[in-house]
Amino acid sequence: MIVMELSQIVLLFLIAVLAGLIDTIAGGGGLLTVPALLWTGLTPVESLATNKAQAVFGSGMATVQFVRRGYIALRDIGLAVVCTFTGAAAGALLVQRIDSAFLEGLIPALLIAFALYFWFSPRVSDLDSHRRIGTTAFALCIGLSVGFYDGFFGPGTGTFFAIGYVALLGYNLRRATAHTKVLNFTSNLAALLFFLAGGHILWAVAATMAAGQLIGAWVGSHMVLRHGATLVRPVLVVSSMFVSGALLWDRLR
């Protein structure tokens, strides 16, 4: 059993607040919380499981806020939720059987490309643009694949969902961020359910961090609604580059 000092608990709470804020705006909060959990002495499995248990509260809070403000079309997102849950469940089941080395090398390159797209593309704004595929095709392609990725690997999931909504469905950044949190909540929940059976979650730690996630996600969702692309675009770019750098550094160590 891990026994933590009060200073560690306070630090985890503060990190969760920041992670909830960043994750709601652009994704990538897990790159703050997972290393923090490992630093306290948790095993990798305990860290991943506990991280999902606290992250589901942040994505859930953001989802509620966006639904209340009317930014999420619940009728259009149902199939995407089902596909995302299915993909995340499959990824969580297969993660111990498949070598993740290929993904670890590919993801940083993709995230850097996405960052450049968000920064330079005139289509990324507060205005809706042309839709390239239907919601069914989006659910089957993006929901399943990104959901699987989140269950299997994880970093940058929110960015992948956001780029899908902007580039394929033509959503503006406010709508894209709102719908992204629904699917992120779905993939977090699916992974959490599979971790529950293993008994690897430290609930006292998860509850402390969940409180921080709720605060950070509440603030982050209001910032997105107020500032839109002016805020989301630069944070998405910085978040993508940060995730890429962290993954590349981890491979080179």
# chains A, B, ... in the order shown; residues from 1 in each chain; ligands from 1
call {"tool": "residues_around", "arguments": {"residues": "Val82 in chain A", "least_positions_apart": "6", "cutoff": "12 Å", "atoms": "only C-alpha atoms", "output": "list in words"}}
result
Asp76, Ala88, Ala89, Thr136, Ala139, Leu140, Ile142, Gly143, Leu144, Gly147, Val182, Leu183, Phe185, Thr186, Ser187, Leu189 and Ala190 of chain A
call {"tool": "write_last_selection", "arguments": {"atoms": "N, CA, C and O atoms", "output": "compact mmCIF listing (two decimals), in the first residue's frame"}}
result
# COMPACT_ATOMS: atom_id res chain seq x y z
N ASP A 76 -26.86 13.64 -33.12
CA ASP A 76 -25.84 13.36 -34.13
C ASP A 76 -24.63 12.61 -33.59
O ASP A 76 -23.82 12.11 -34.36
N ALA A 88 -12.34 1.96 -27.72
CA ALA A 88 -11.54 2.08 -26.49
C ALA A 88 -11.49 0.75 -25.74
O ALA A 88 -10.44 0.37 -25.19
N ALA A 89 -12.61 0.05 -25.70
CA ALA A 89 -12.64 -1.25 -25.04
C ALA A 89 -11.70 -2.24 -25.73
O ALA A 89 -10.95 -2.98 -25.08
N THR A 136 -22.22 9.29 -39.87
CA THR A 136 -22.06 7.84 -39.75
C THR A 136 -20.64 7.43 -40.11
O THR A 136 -19.99 6.65 -39.39
N ALA A 139 -18.29 8.50 -37.36
CA ALA A 139 -18.35 7.63 -36.19
C ALA A 139 -17.56 6.34 -36.42
O ALA A 139 -16.81 5.90 -35.55
N LEU A 140 -17.73 5.76 -37.60
CA LEU A 140 -17.06 4.49 -37.90
C LEU A 140 -15.56 4.67 -38.07
O LEU A 140 -14.77 3.81 -37.63
N ILE A 142 -13.47 7.71 -37.29
CA ILE A 142 -12.78 8.43 -36.21
C ILE A 142 -13.13 7.84 -34.84
O ILE A 142 -12.26 7.65 -33.99
N GLY A 143 -14.43 7.58 -34.61
CA GLY A 143 -14.83 7.04 -33.31
C GLY A 143 -14.12 5.75 -32.97
O GLY A 143 -13.54 5.59 -31.89
N LEU A 144 -14.15 4.80 -33.90
CA LEU A 144 -13.52 3.50 -33.65
C LEU A 144 -12.00 3.61 -33.54
O LEU A 144 -11.39 3.07 -32.61
N GLY A 147 -10.88 6.02 -30.59
CA GLY A 147 -11.25 5.32 -29.36
C GLY A 147 -10.31 4.17 -29.06
O GLY A 147 -9.84 4.00 -27.93
N VAL A 182 -17.13 14.91 -25.24
CA VAL A 182 -18.07 13.79 -25.10
C VAL A 182 -17.39 12.48 -25.46
O VAL A 182 -17.50 11.48 -24.73
N LEU A 183 -16.67 12.47 -26.57
CA LEU A 183 -16.00 11.24 -26.99
C LEU A 183 -14.83 10.91 -26.08
O LEU A 183 -14.56 9.73 -25.82
N PHE A 185 -14.70 11.60 -22.87
CA PHE A 185 -15.34 11.04 -21.68
C PHE A 185 -15.72 9.57 -21.93
O PHE A 185 -15.52 8.72 -21.06
N THR A 186 -16.22 9.29 -23.12
CA THR A 186 -16.61 7.92 -23.47
C THR A 186 -15.42 6.97 -23.45
O THR A 186 -15.49 5.87 -22.87
N SER A 187 -14.31 7.38 -24.06
CA SER A 187 -13.14 6.51 -24.09
C SER A 187 -12.52 6.36 -22.71
O SER A 187 -12.04 5.27 -22.35
N LEU A 189 -14.20 6.42 -19.89
CA LEU A 189 -15.10 5.54 -19.15
C LEU A 189 -14.91 4.10 -19.55
O LEU A 189 -14.88 3.19 -18.70
N ALA A 190 -14.76 3.84 -20.84
CA ALA A 190 -14.56 2.47 -21.31
C ALA A 190 -13.29 1.88 -20.73
O ALA A 190 -13.29 0.74 -20.23
call {"tool": "residues_around", "arguments": {"residues": "Ser47 in chain A", "least_positions_apart": "4", "cutoff": "7 Å", "atoms": "only C-alpha atoms", "output": "PyMOL selection string"}}
result
chain A and resi 34+37-38+42-43+51
call {"tool": "residues_around", "arguments": {"residues": "Leu6 in chain A", "least_positions_apart": "6", "cutoff": "12 Å", "atoms": "only C-alpha atoms", "output": "list in words"}}
result
Leu12, Phe13, Thr40, Val205 and Thr208 of chain A
call {"tool": "write_last_selection", "arguments": {"atoms": "N, CA, C and O atoms", "output": "PDB file, in the first residue's frame"}}
result
ATOM      1  N   LEU A  12      -0.680  16.644  -6.160  1.00  0.00           N
ATOM      2  CA  LEU A  12      -1.497  15.898  -7.114  1.00  0.00           C
ATOM      3  C   LEU A  12      -2.810  16.625  -7.395  1.00  0.00           C
ATOM      4  O   LEU A  12      -3.293  16.650  -8.535  1.00  0.00           O
ATOM      5  N   PHE A  13      -3.387  17.215  -6.364  1.00  0.00           N
ATOM      6  CA  PHE A  13      -4.625  17.977  -6.536  1.00  0.00           C
ATOM      7  C   PHE A  13      -4.390  19.163  -7.466  1.00  0.00           C
ATOM      8  O   PHE A  13      -5.181  19.406  -8.394  1.00  0.00           O
ATOM      9  N   THR A  40       4.952   9.538  -7.415  1.00  0.00           N
ATOM     10  CA  THR A  40       4.572   9.243  -6.038  1.00  0.00           C
ATOM     11  C   THR A  40       4.856   7.795  -5.649  1.00  0.00           C
ATOM     12  O   THR A  40       4.694   7.434  -4.480  1.00  0.00           O
ATOM     13  N   VAL A 205      -6.485   8.401  -3.900  1.00  0.00           N
ATOM     14  CA  VAL A 205      -5.728   9.296  -4.775  1.00  0.00           C
ATOM     15  C   VAL A 205      -6.616   9.785  -5.912  1.00  0.00           C
ATOM     16  O   VAL A 205      -6.628  10.976  -6.258  1.00  0.00           O
ATOM     17  N   THR A 208      -9.065  12.506  -4.764  1.00  0.00           N
ATOM     18  CA  THR A 208      -8.409  13.802  -4.575  1.00  0.00           C
ATOM     19  C   THR A 208      -8.182  14.501  -5.905  1.00  0.00           C
ATOM     20  O   THR A 208      -8.473  15.697  -6.070  1.00  0.00           O
TER      21      THR A 208
END
call {"tool": "atom_distance", "arguments": {"atom1": "CA of Leu192 in chain A", "atom2": "CA of Ala49 in chain A"}}
result
6.7 Å
call {"tool": "residues_around", "arguments": {"residues": "Gly212 in chain A", "least_positions_apart": "2", "cutoff": "7 Å", "atoms": "only C-alpha atoms", "output": "PDB file with all heavy atoms, in the first residue's frame"}}
result
ATOM      1  N   PHE A  13      -3.387  17.215  -6.364  1.00  0.00           N
ATOM      2  CA  PHE A  13      -4.625  17.977  -6.536  1.00  0.00           C
ATOM      3  C   PHE A  13      -4.390  19.163  -7.466  1.00  0.00           C
ATOM      4  O   PHE A  13      -5.181  19.406  -8.394  1.00  0.00           O
ATOM      5  CB  PHE A  13      -5.129  18.461  -5.177  1.00  0.00           C
ATOM      6  CG  PHE A  13      -6.272  19.442  -5.269  1.00  0.00           C
ATOM      7  CD1 PHE A  13      -7.568  19.001  -5.488  1.00  0.00           C
ATOM      8  CD2 PHE A  13      -6.046  20.804  -5.138  1.00  0.00           C
ATOM      9  CE1 PHE A  13      -8.623  19.898  -5.582  1.00  0.00           C
ATOM     10  CE2 PHE A  13      -7.092  21.708  -5.227  1.00  0.00           C
ATOM     11  CZ  PHE A  13      -8.387  21.250  -5.448  1.00  0.00           C
ATOM     12  N   LEU A  14      -3.322  19.916  -7.241  1.00  0.00           N
ATOM     13  CA  LEU A  14      -3.023  21.088  -8.058  1.00  0.00           C
ATOM     14  C   LEU A  14      -2.711  20.697  -9.503  1.00  0.00           C
ATOM     15  O   LEU A  14      -3.132  21.378 -10.452  1.00  0.00           O
ATOM     16  CB  LEU A  14      -1.853  21.866  -7.455  1.00  0.00           C
ATOM     17  CG  LEU A  14      -2.110  22.486  -6.078  1.00  0.00           C
ATOM     18  CD1 LEU A  14      -0.837  23.136  -5.537  1.00  0.00           C
ATOM     19  CD2 LEU A  14      -3.245  23.505  -6.149  1.00  0.00           C
ATOM     20  N   ALA A  16      -3.887  18.098 -11.002  1.00  0.00           N
ATOM     21  CA  ALA A  16      -5.167  17.693 -11.595  1.00  0.00           C
ATOM     22  C   ALA A  16      -5.985  18.899 -12.025  1.00  0.00           C
ATOM     23  O   ALA A  16      -6.665  18.865 -13.055  1.00  0.00           O
ATOM     24  CB  ALA A  16      -5.957  16.848 -10.601  1.00  0.00           C
ATOM     25  N   VAL A  17      -5.940  19.983 -11.245  1.00  0.00           N
ATOM     26  CA  VAL A  17      -6.635  21.216 -11.643  1.00  0.00           C
ATOM     27  C   VAL A  17      -6.087  21.716 -12.979  1.00  0.00           C
ATOM     28  O   VAL A  17      -6.846  22.026 -13.912  1.00  0.00           O
ATOM     29  CB  VAL A  17      -6.478  22.317 -10.569  1.00  0.00           C
ATOM     30  CG1 VAL A  17      -7.049  23.636 -11.086  1.00  0.00           C
ATOM     31  CG2 VAL A  17      -7.184  21.913  -9.284  1.00  0.00           C
ATOM     32  N   THR A 208      -9.065  12.506  -4.764  1.00  0.00           N
ATOM     33  CA  THR A 208      -8.409  13.802  -4.575  1.00  0.00           C
ATOM     34  C   THR A 208      -8.182  14.501  -5.905  1.00  0.00           C
ATOM     35  O   THR A 208      -8.473  15.697  -6.070  1.00  0.00           O
ATOM     36  CB  THR A 208      -7.058  13.620  -3.861  1.00  0.00           C
ATOM     37  OG1 THR A 208      -7.283  13.031  -2.575  1.00  0.00           O
ATOM     38  CG2 THR A 208      -6.346  14.946  -3.702  1.00  0.00           C
ATOM     39  N   MET A 209      -7.678  13.760  -6.873  1.00  0.00           N
ATOM     40  CA  MET A 209      -7.397  14.336  -8.183  1.00  0.00           C
ATOM     41  C   MET A 209      -8.684  14.627  -8.949  1.00  0.00           C
ATOM     42  O   MET A 209      -8.744  15.578  -9.748  1.00  0.00           O
ATOM     43  CB  MET A 209      -6.489  13.414  -8.985  1.00  0.00           C
ATOM     44  CG  MET A 209      -5.122  13.204  -8.348  1.00  0.00           C
ATOM     45  SD  MET A 209      -4.013  12.184  -9.338  1.00  0.00           S
ATOM     46  CE  MET A 209      -3.603  13.320 -10.670  1.00  0.00           C
ATOM     47  N   ALA A 210      -9.713  13.823  -8.720  1.00  0.00           N
ATOM     48  CA  ALA A 210     -11.002  14.064  -9.386  1.00  0.00           C
ATOM     49  C   ALA A 210     -11.560  15.425  -8.990  1.00  0.00           C
ATOM     50  O   ALA A 210     -12.136  16.141  -9.828  1.00  0.00           O
ATOM     51  CB  ALA A 210     -11.994  12.961  -9.033  1.00  0.00           C
ATOM     52  N   LEU A 214     -12.449  18.371 -11.663  1.00  0.00           N
ATOM     53  CA  LEU A 214     -13.742  19.037 -11.775  1.00  0.00           C
ATOM     54  C   LEU A 214     -13.584  20.549 -11.830  1.00  0.00           C
ATOM     55  O   LEU A 214     -14.244  21.238 -12.628  1.00  0.00           O
ATOM     56  CB  LEU A 214     -14.637  18.639 -10.601  1.00  0.00           C
ATOM     57  CG  LEU A 214     -15.152  17.196 -10.597  1.00  0.00           C
ATOM     58  CD1 LEU A 214     -15.851  16.881  -9.276  1.00  0.00           C
ATOM     59  CD2 LEU A 214     -16.098  16.955 -11.769  1.00  0.00           C
ATOM     60  N   ILE A 215     -12.702  21.074 -10.981  1.00  0.00           N
ATOM     61  CA  ILE A 215     -12.466  22.519 -10.960  1.00  0.00           C
ATOM     62  C   ILE A 215     -11.833  22.977 -12.273  1.00  0.00           C
ATOM     63  O   ILE A 215     -12.279  23.940 -12.914  1.00  0.00           O
ATOM     64  CB  ILE A 215     -11.567  22.900  -9.773  1.00  0.00           C
ATOM     65  CG1 ILE A 215     -12.279  22.595  -8.450  1.00  0.00           C
ATOM     66  CG2 ILE A 215     -11.168  24.375  -9.847  1.00  0.00           C
ATOM     67  CD1 ILE A 215     -11.397  22.740  -7.226  1.00  0.00           C
ATOM     68  N   GLY A 216     -10.769  22.278 -12.689  1.00  0.00           N
ATOM     69  CA  GLY A 216     -10.072  22.658 -13.911  1.00  0.00           C
ATOM     70  C   GLY A 216     -10.956  22.569 -15.139  1.00  0.00           C
ATOM     71  O   GLY A 216     -10.927  23.456 -16.004  1.00  0.00           O
TER      72      GLY A 216
END
call {"tool": "closest_residue", "arguments": {"among": "A:Asn172, A:Ser145, A:Ser59, A:Thr177", "to": "Val224 in chain A", "atoms": "only C-alpha atoms"}}
result
A:Thr177
call {"tool": "atom_distance", "arguments": {"atom1": "CA of Lys52 in chain A", "atom2": "CA of Gln65 in chain A"}}
result
20.0 Å
call {"tool": "atom_distance", "arguments": {"atom1": "CA of Gly20 in chain A", "atom2": "CA of Ala55 in chain A"}}
result
7.6 Å
call {"tool": "closest_residue", "arguments": {"among": "A:Leu21, A:Thr86, A:Leu94, A:Leu196", "to": "His222 in chain A", "atoms": "only C-alpha atoms"}}
result
A:Leu21
